[in-house]
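Pasting entry29.cif here (mmCIF, C-alpha atoms):
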data_my_file
#
loop_
_atom_site.label_atom_id
_atom_site.label_comp_id
_atom_site.auth_asym_id
_atom_site.auth_seq_id
_atom_site.Cartn_x
_atom_site.Cartn_y
_atom_site.Cartn_z
CA MET A 17 2.47 -9.85 11.03
CA LEU A 18 1.32 -6.52 12.41
CA ILE A 19 -2.39 -7.36 12.34
CA GLY A 20 -4.87 -5.48 14.50
CA ASN A 21 -7.98 -6.86 16.15
CA CYS A 22 -10.33 -5.46 13.52
CA THR A 23 -8.56 -7.31 10.70
CA ARG A 24 -7.83 -10.42 12.74
CA ASN A 25 -11.44 -10.95 13.86
CA ILE A 26 -13.83 -10.13 11.04
CA ASN A 27 -17.61 -10.10 11.43
CA LYS A 28 -20.56 -8.50 9.67
CA GLU A 29 -19.90 -5.18 11.44
CA THR A 30 -16.25 -4.92 10.32
CA ARG A 31 -15.36 -1.93 8.16
CA LEU A 32 -11.97 -1.91 6.46
CA TYR A 33 -10.35 0.64 4.15
CA TYR A 34 -7.29 -0.47 2.19
CA VAL A 35 -4.77 2.23 1.25
CA HIS A 36 -3.72 0.47 -1.95
CA VAL A 37 -0.16 1.49 -2.80
CA PRO A 38 0.40 0.36 -6.41
CA LYS A 39 2.87 -2.49 -6.95
CA THR A 40 2.72 -3.84 -3.37
CA GLY A 41 0.64 -6.97 -3.96
CA GLY A 42 -2.68 -5.18 -3.62
CA THR A 43 -4.55 -7.35 -6.10
CA THR A 44 -4.22 -10.29 -3.71
CA ILE A 45 -5.48 -8.17 -0.81
CA ASN A 46 -8.48 -7.03 -2.84
CA VAL A 47 -9.38 -10.57 -3.92
CA LEU A 48 -8.93 -11.98 -0.40
CA PHE A 49 -11.26 -9.47 1.22
CA ARG A 50 -13.73 -9.69 -1.65
CA ASN A 51 -13.86 -13.43 -0.93
CA ILE A 52 -14.44 -12.69 2.75
CA PHE A 53 -17.06 -9.95 2.43
CA GLY A 54 -18.59 -10.96 -0.90
CA GLU A 55 -19.04 -9.02 -4.11
CA LEU A 56 -21.96 -6.98 -2.78
CA ARG A 57 -20.05 -5.66 0.24
CA SER A 58 -16.64 -5.03 -1.39
CA LEU A 59 -15.56 -2.05 -3.48
CA THR A 60 -12.12 -1.94 -5.10
CA HIS A 61 -10.53 0.88 -7.08
CA ALA A 62 -12.78 3.42 -5.42
CA GLU A 63 -10.41 6.17 -6.60
CA SER A 64 -12.52 6.40 -9.76
CA MET A 65 -15.41 7.58 -7.56
CA LEU A 66 -13.48 9.78 -5.13
CA ILE A 67 -10.94 11.64 -7.26
CA ALA A 68 -13.28 14.37 -8.57
CA PRO A 69 -13.90 17.07 -5.92
CA ALA A 70 -17.34 17.99 -7.29
CA THR A 71 -18.82 14.54 -6.64
CA ARG A 72 -16.55 13.31 -3.86
CA GLU A 73 -18.91 13.80 -0.91
CA VAL A 74 -21.84 12.11 -2.61
CA ASN A 75 -19.74 9.23 -3.92
CA ALA A 76 -18.00 8.73 -0.56
CA GLU A 77 -21.42 8.18 0.98
CA VAL A 78 -22.08 5.49 -1.63
CA CYS A 79 -18.66 3.91 -0.91
CA ARG A 80 -19.53 3.72 2.78
CA GLU A 81 -22.31 1.28 2.00
CA TYR A 82 -19.55 -1.33 1.57
CA ASN A 83 -17.67 -3.19 4.33
CA PHE A 84 -14.41 -3.27 2.41
CA VAL A 85 -13.21 -0.30 0.36
CA SER A 86 -9.92 -0.14 -1.52
CA ALA A 87 -8.46 2.83 -3.39
CA HIS A 88 -5.24 4.05 -5.01
CA LEU A 89 -5.42 7.26 -2.98
CA PRO A 90 -3.33 8.84 -0.19
CA ARG A 91 -4.36 8.34 3.41
CA ASP A 92 -6.06 11.77 3.52
CA PHE A 93 -9.13 10.39 1.76
CA TYR A 94 -9.50 7.76 4.49
CA ASN A 95 -9.03 10.35 7.25
CA VAL A 96 -11.85 12.54 5.95
CA HIS A 97 -14.36 10.16 4.39
CA PHE A 98 -13.97 6.80 6.19
CA LYS A 99 -12.22 7.01 9.56
CA PRO A 100 -15.00 9.08 11.18
CA PHE A 101 -17.48 6.38 10.12
CA GLY A 102 -15.81 3.47 11.90
CA TYR A 103 -13.51 2.18 9.17
CA LYS A 104 -10.07 0.84 10.11
CA ALA A 105 -7.14 1.30 7.73
CA ILE A 106 -4.87 -1.42 6.37
CA VAL A 107 -1.85 -1.11 4.08
CA THR A 108 0.82 -3.21 2.39
CA LEU A 109 4.47 -2.19 2.16
CA ARG A 110 7.06 -3.57 -0.25
CA GLU A 111 10.86 -3.59 -0.13
CA PRO A 112 11.58 -0.08 -1.52
CA VAL A 113 14.17 -0.90 -4.19
CA GLU A 114 11.98 -3.68 -5.62
CA HIS A 115 9.00 -1.37 -5.46
CA PHE A 116 10.87 1.45 -7.19
CA VAL A 117 12.01 -0.76 -10.08
CA SER A 118 8.54 -2.25 -10.46
CA PHE A 119 6.92 1.18 -10.45
CA VAL A 120 9.40 2.64 -12.94
CA LEU A 121 8.96 -0.28 -15.35
CA TRP A 122 5.17 0.01 -15.09
CA PHE A 123 5.27 3.77 -15.63
CA ALA A 124 7.54 3.45 -18.68
CA ARG A 125 5.28 0.79 -20.23
CA SER A 126 2.00 2.55 -19.42
CA THR A 127 -0.06 3.80 -22.33
CA HIS A 128 -2.53 6.07 -20.52
CA THR A 129 -2.65 9.70 -21.55
CA ILE A 130 -0.49 12.03 -19.45
CA VAL A 131 -1.52 15.68 -19.55
CA ASP A 132 1.53 16.98 -17.67
CA ALA A 133 4.24 17.69 -20.25
CA ASN A 134 7.09 17.08 -17.79
CA LEU A 135 5.73 13.69 -16.73
CA ASN A 136 5.23 12.73 -20.35
CA ALA A 137 8.84 13.67 -21.12
CA SER A 138 9.97 11.58 -18.14
CA ARG A 139 8.08 8.56 -19.45
CA LEU A 140 9.70 8.93 -22.87
CA GLY A 141 13.14 9.24 -21.24
CA LEU A 142 12.57 6.06 -19.22
CA ARG A 143 11.53 4.19 -22.34
CA GLU A 144 14.65 5.22 -24.24
CA ASP A 145 17.32 4.71 -21.57
CA PRO A 146 16.34 4.68 -17.88
CA ASN A 147 19.90 4.89 -16.56
CA ALA A 148 20.72 7.89 -18.75
CA PHE A 149 17.46 9.51 -17.69
CA PHE A 150 18.15 9.07 -13.97
CA GLN A 151 21.71 10.32 -14.38
CA SER A 152 20.73 13.53 -16.17
CA ALA A 153 17.42 14.35 -14.45
CA THR A 154 17.26 16.80 -11.57
CA MET A 155 15.82 15.76 -8.21
CA GLU A 156 12.85 18.01 -8.96
CA GLN A 157 12.21 16.12 -12.20
CA LEU A 158 12.38 12.83 -10.28
CA GLU A 159 9.89 13.88 -7.60
CA PHE A 160 7.17 11.79 -9.30
CA CYS A 161 8.97 8.57 -8.37
CA SER A 162 10.39 9.51 -4.97
CA GLY A 163 8.97 8.10 -1.75
CA GLN A 164 5.94 6.61 -3.51
CA GLN A 165 4.95 4.44 -0.55
CA SER A 166 5.46 7.22 2.00
CA LYS A 167 3.31 9.63 0.00
CA ALA A 168 0.43 7.17 0.08
CA VAL A 169 0.63 5.84 3.65
CA PHE A 170 1.23 9.22 5.34
CA GLY A 171 -0.73 11.50 3.02
CA SER A 172 -0.34 15.18 3.85
CA ASP A 173 1.06 14.27 7.30
CA ARG A 174 4.25 13.17 5.50
CA THR A 175 5.66 16.70 5.44
CA ARG A 176 4.79 17.35 9.10
CA LEU A 177 6.37 14.25 10.62
CA PRO A 178 10.02 14.15 11.73
CA LEU A 179 12.25 12.36 9.23
CA ASP A 180 13.35 9.57 11.54
CA ALA A 181 12.40 5.91 11.44
CA GLN A 182 10.96 5.63 14.96
CA SER A 183 8.66 8.66 14.70
CA ARG A 184 7.30 7.62 11.33
CA THR A 185 6.87 3.99 12.23
CA SER A 186 5.16 4.92 15.51
CA TYR A 187 2.72 6.99 13.46
CA LEU A 188 2.00 4.03 11.18
CA LEU A 189 1.42 1.67 14.11
CA ALA A 190 -0.97 4.16 15.70
CA GLN A 191 -2.89 5.01 12.55
CA TYR A 192 -3.22 1.62 10.82
CA ASP A 193 -5.04 -1.41 12.15
CA THR A 194 -2.86 -3.68 10.02
CA ILE A 195 0.47 -3.31 8.20
CA ILE A 196 1.39 -6.17 5.88
CA LEU A 197 4.77 -6.62 4.23
CA THR A 198 4.38 -7.86 0.67
CA GLU A 199 6.59 -10.89 1.35
CA ASP A 200 4.14 -11.99 4.08
CA ILE A 201 0.93 -11.76 2.04
CA SER A 202 0.82 -15.50 1.39
CA ARG A 203 0.42 -16.11 5.15
CA LEU A 204 -2.17 -13.42 5.85
CA GLY A 205 -5.11 -15.83 5.72
CA ASP A 206 -3.60 -17.86 8.59
CA HIS A 207 -4.17 -14.93 10.95
CA ILE A 208 -7.74 -13.99 10.03
CA LYS A 209 -10.89 -15.37 11.62
CA LEU A 210 -14.36 -14.90 10.19
CA ASN A 211 -17.03 -14.95 12.91
CA ASP A 212 -14.49 -16.61 15.25
CA ARG A 213 -13.70 -19.35 12.72
CA LYS A 214 -10.57 -19.81 10.65
CA LEU A 215 -10.97 -19.06 6.96
CA SER A 216 -12.25 -22.08 5.05
CA PHE A 217 -10.64 -21.03 1.78
CA SER A 218 -7.04 -20.44 0.78
CA ILE A 219 -5.65 -17.02 -0.02
CA PRO A 220 -5.88 -16.17 -3.73
CA HIS A 221 -2.79 -16.36 -5.91
CA GLU A 222 -3.33 -13.21 -7.95
CA ASN A 223 -0.15 -11.18 -7.64
CA MET A 224 0.50 -12.86 -4.29
CA GLN A 225 4.23 -12.38 -4.52
CA PRO A 226 5.00 -9.81 -7.22
CA ASP A 227 7.91 -11.09 -9.26
CA ARG A 228 11.23 -9.42 -8.62
CA PRO A 229 11.40 -7.29 -11.73
CA GLN A 230 14.23 -8.01 -14.13
CA SER A 231 15.75 -4.77 -15.34
CA ASP A 232 19.01 -3.07 -16.11
CA ILE A 233 18.28 -0.10 -13.86
CA ILE A 234 21.34 0.70 -11.78
CA ILE A 235 20.49 1.63 -8.19
CA THR A 236 22.76 4.62 -7.64
CA ASP A 237 23.15 6.84 -4.56
CA LYS A 238 20.89 9.33 -6.34
CA ILE A 239 18.11 6.76 -6.56
CA ARG A 240 18.62 5.69 -2.94
CA GLU A 241 18.18 9.32 -1.95
CA LEU A 242 14.81 9.25 -3.72
CA LEU A 243 13.90 6.19 -1.64
CA LEU A 244 15.21 7.47 1.71
CA GLU A 245 11.76 7.91 3.31
CA ASP A 246 10.54 4.52 2.14
CA LEU A 247 13.74 2.75 3.22
CA LEU A 248 13.51 4.25 6.72
CA ILE A 249 10.00 3.04 7.43
CA TYR A 250 10.35 -0.31 5.68
CA ASP A 251 13.48 -1.32 7.62
CA GLU A 252 11.92 -0.29 10.93
CA VAL A 253 8.60 -2.00 10.22
CA LYS A 254 10.43 -5.14 9.16
CA LYS A 255 12.33 -5.27 12.47
CA ILE A 256 9.10 -4.91 14.47
CA ASN A 257 7.42 -7.44 12.20
CA GLN A 258 10.15 -10.02 12.84
CA ILE A 259 9.77 -9.58 16.61
CA SER A 260 5.98 -9.88 16.28
CA ASN A 261 6.32 -13.04 14.20
CA SER A 262 8.66 -14.67 16.69
CA TYR A 263 6.23 -14.01 19.56
CA TRP A 264 3.32 -15.26 17.49
CA GLN A 265 5.13 -18.50 16.65
CA HIS A 266 5.95 -18.98 20.34
CA LEU A 267 2.33 -18.42 21.39
CA THR A 268 0.91 -20.81 18.78
CA ARG A 269 3.23 -23.76 19.43
#
Produce structure tokens that represent the structure in this file.
Amino acid sequence: MLIGNCTRNINKETRLYYVHVPKTGGTTINVLFRNIFGELRSLTHAESMLIAPATREVNAEVCREYNFVSAHLPRDFYNVHFKPFGYKAIVTLREPVEHFVSFVLWFARSTHTIVDANLNASRLGLREDPNAFFQSATMEQLEFCSGQQSKAVFGSDRTRLPLDAQSRTSYLLAQYDTIILTEDISRLGDHIKLNDRKLSFSIPHENMQPDRPQSDIIITDKIRELLLEDLLIYDEVKKINQISNSYWQHLTR
């Protein structure tokens, strides 16, 4: 796994911020680090405190009282409100097609109020017949479900970076202390030490390995185009991850 020193060796001074991309196994990450830091030093779903501009600065200061902060927000919030205060960023990435299907099914089933009329129409279309919806919708109409992981992990830098796998993956490796592939979450606890000791508890099972969603959604070239950014970084990160894992196994024999 691509685990940095800050995540690998946790102590009372450690400050971690989790860029929680929905549908990537984040519940397990939240529970694991809540077990490590304790309820009083862990804050999950901080987006509820940071989303409103009028109270963001004040609430960010409150958030920084915690060692572990997790939020469904793009990286920009970390850059402004947490990175300058010593926090290191971590993120999980999921195989893009699986992630797309999982996200689409969740979005179609969701019951929360959507103010945007176009998004609401998209949700209704997905409920009625997802394949017909994807076939007839324009790429502009499908922007809400394109590159979901890239939008979160890069934030506003996404539009400034070259669209090639090496440039984008190099950015991720430089900007994140730890990058975890969803399929590796179950082994994360094996690589973390708490005050120089191995964890004495097992990793939680909540959403550890999100089920491969069963659906009739046909993955067309049009959908793959929506996922191009995510596919580029995932494939490259996976290659580097495999090399890292092989070296780690060799070193720990």
Neighbours of Glu73 (chain A) within 9 Å (all atoms listed in the file; same-chain residues fewer than 5 positions away dropped), as a ChimeraX atom specification?
/A:66,78,97
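Among the candidate residues A:Gly205, A:Met65, A:Lys39, A:Asp212, the one lying nearest to Phe123 (chain A) is A:Lys39, with distances computed using all atoms listed in the file.
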Which protein, DNA or RNA residues have an atom at most 6 Å from (-5.9, -12.0, 2.0), counting only C-alpha atoms? List them as a list in words.
Ile45, Leu48, Phe49, Leu204, Gly205 and Ile219 of chain A
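Between Glu159 (chain A) and the candidates A:Lys238, A:His36, A:Arg213, A:Lys255, the tightest atom-to-atom separation, counting all atoms listed in the file, involves A:Lys238.
Shortest separation to Ile235 (chain A) among A:Pro112, A:Gly163, A:Pro178, A:Gly141 occurs at residue A:Pro112, atoms counted being all atoms listed in the file.
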So the first atom is CA of Val107 (chain A) and the second is CA of Thr40 (chain A); what is the distance between them in Å, to one decimal place?
9.2 Å
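CA of Ile196 (chain A) to CA of Phe84 (chain A) spans 16.4 Å [interatomic distance, one decimal].
With the shown file loaded, the PyMOL selection byres ((chain A and resi 31-33) around 7) picks out Glu29, Thr30, Tyr34, Val35, Asn83, Phe84, Val85, Ser86, Gly102, Tyr103, Lys104, Ala105 and Ile106 of chain A.
Across the structure, CA of Leu179 (chain A) and CA of His88 (chain A) are spaced 24.0 Å apart.
Nearest to Asp237 (chain A) of all the residues A:Ser172, A:Gln157, A:Val113, A:Gly41 is A:Val113, based on only C-alpha atoms.
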Using all atoms listed in the file, the best pick from A:Tyr82, A:Ser118, A:Phe170, A:Leu89 as closest to Ala68 (chain A) would be A:Leu89
Restricting the calculation to all atoms listed in the file, which member of A:Gln182, A:Thr154, A:Ser162, A:Asp132 is positioned closest to His115 (chain A)?
A:Ser162
Neighbour residues at most 9 Å from (0.0, 8.1, 7.1) (only C-alpha atoms) as a PyMOL selection string:
chain A and resi 90-92+166-174+184+187-188+191-192
For this file, the PyMOL selection byres ((chain A and resi 114) around 12) selects which residues, as a ChimeraX atom specification?
/A:39-41,109-113,115-121,165,198-199,225-231,233,235,240,243,246-247,250
Give me the result of the PyMOL selection byres ((chain A and resi 135-139) around 12) on this file, residue by residue, as number ranges by chain.
A: 119-134, 140-146, 148-150, 152-154, 156-161
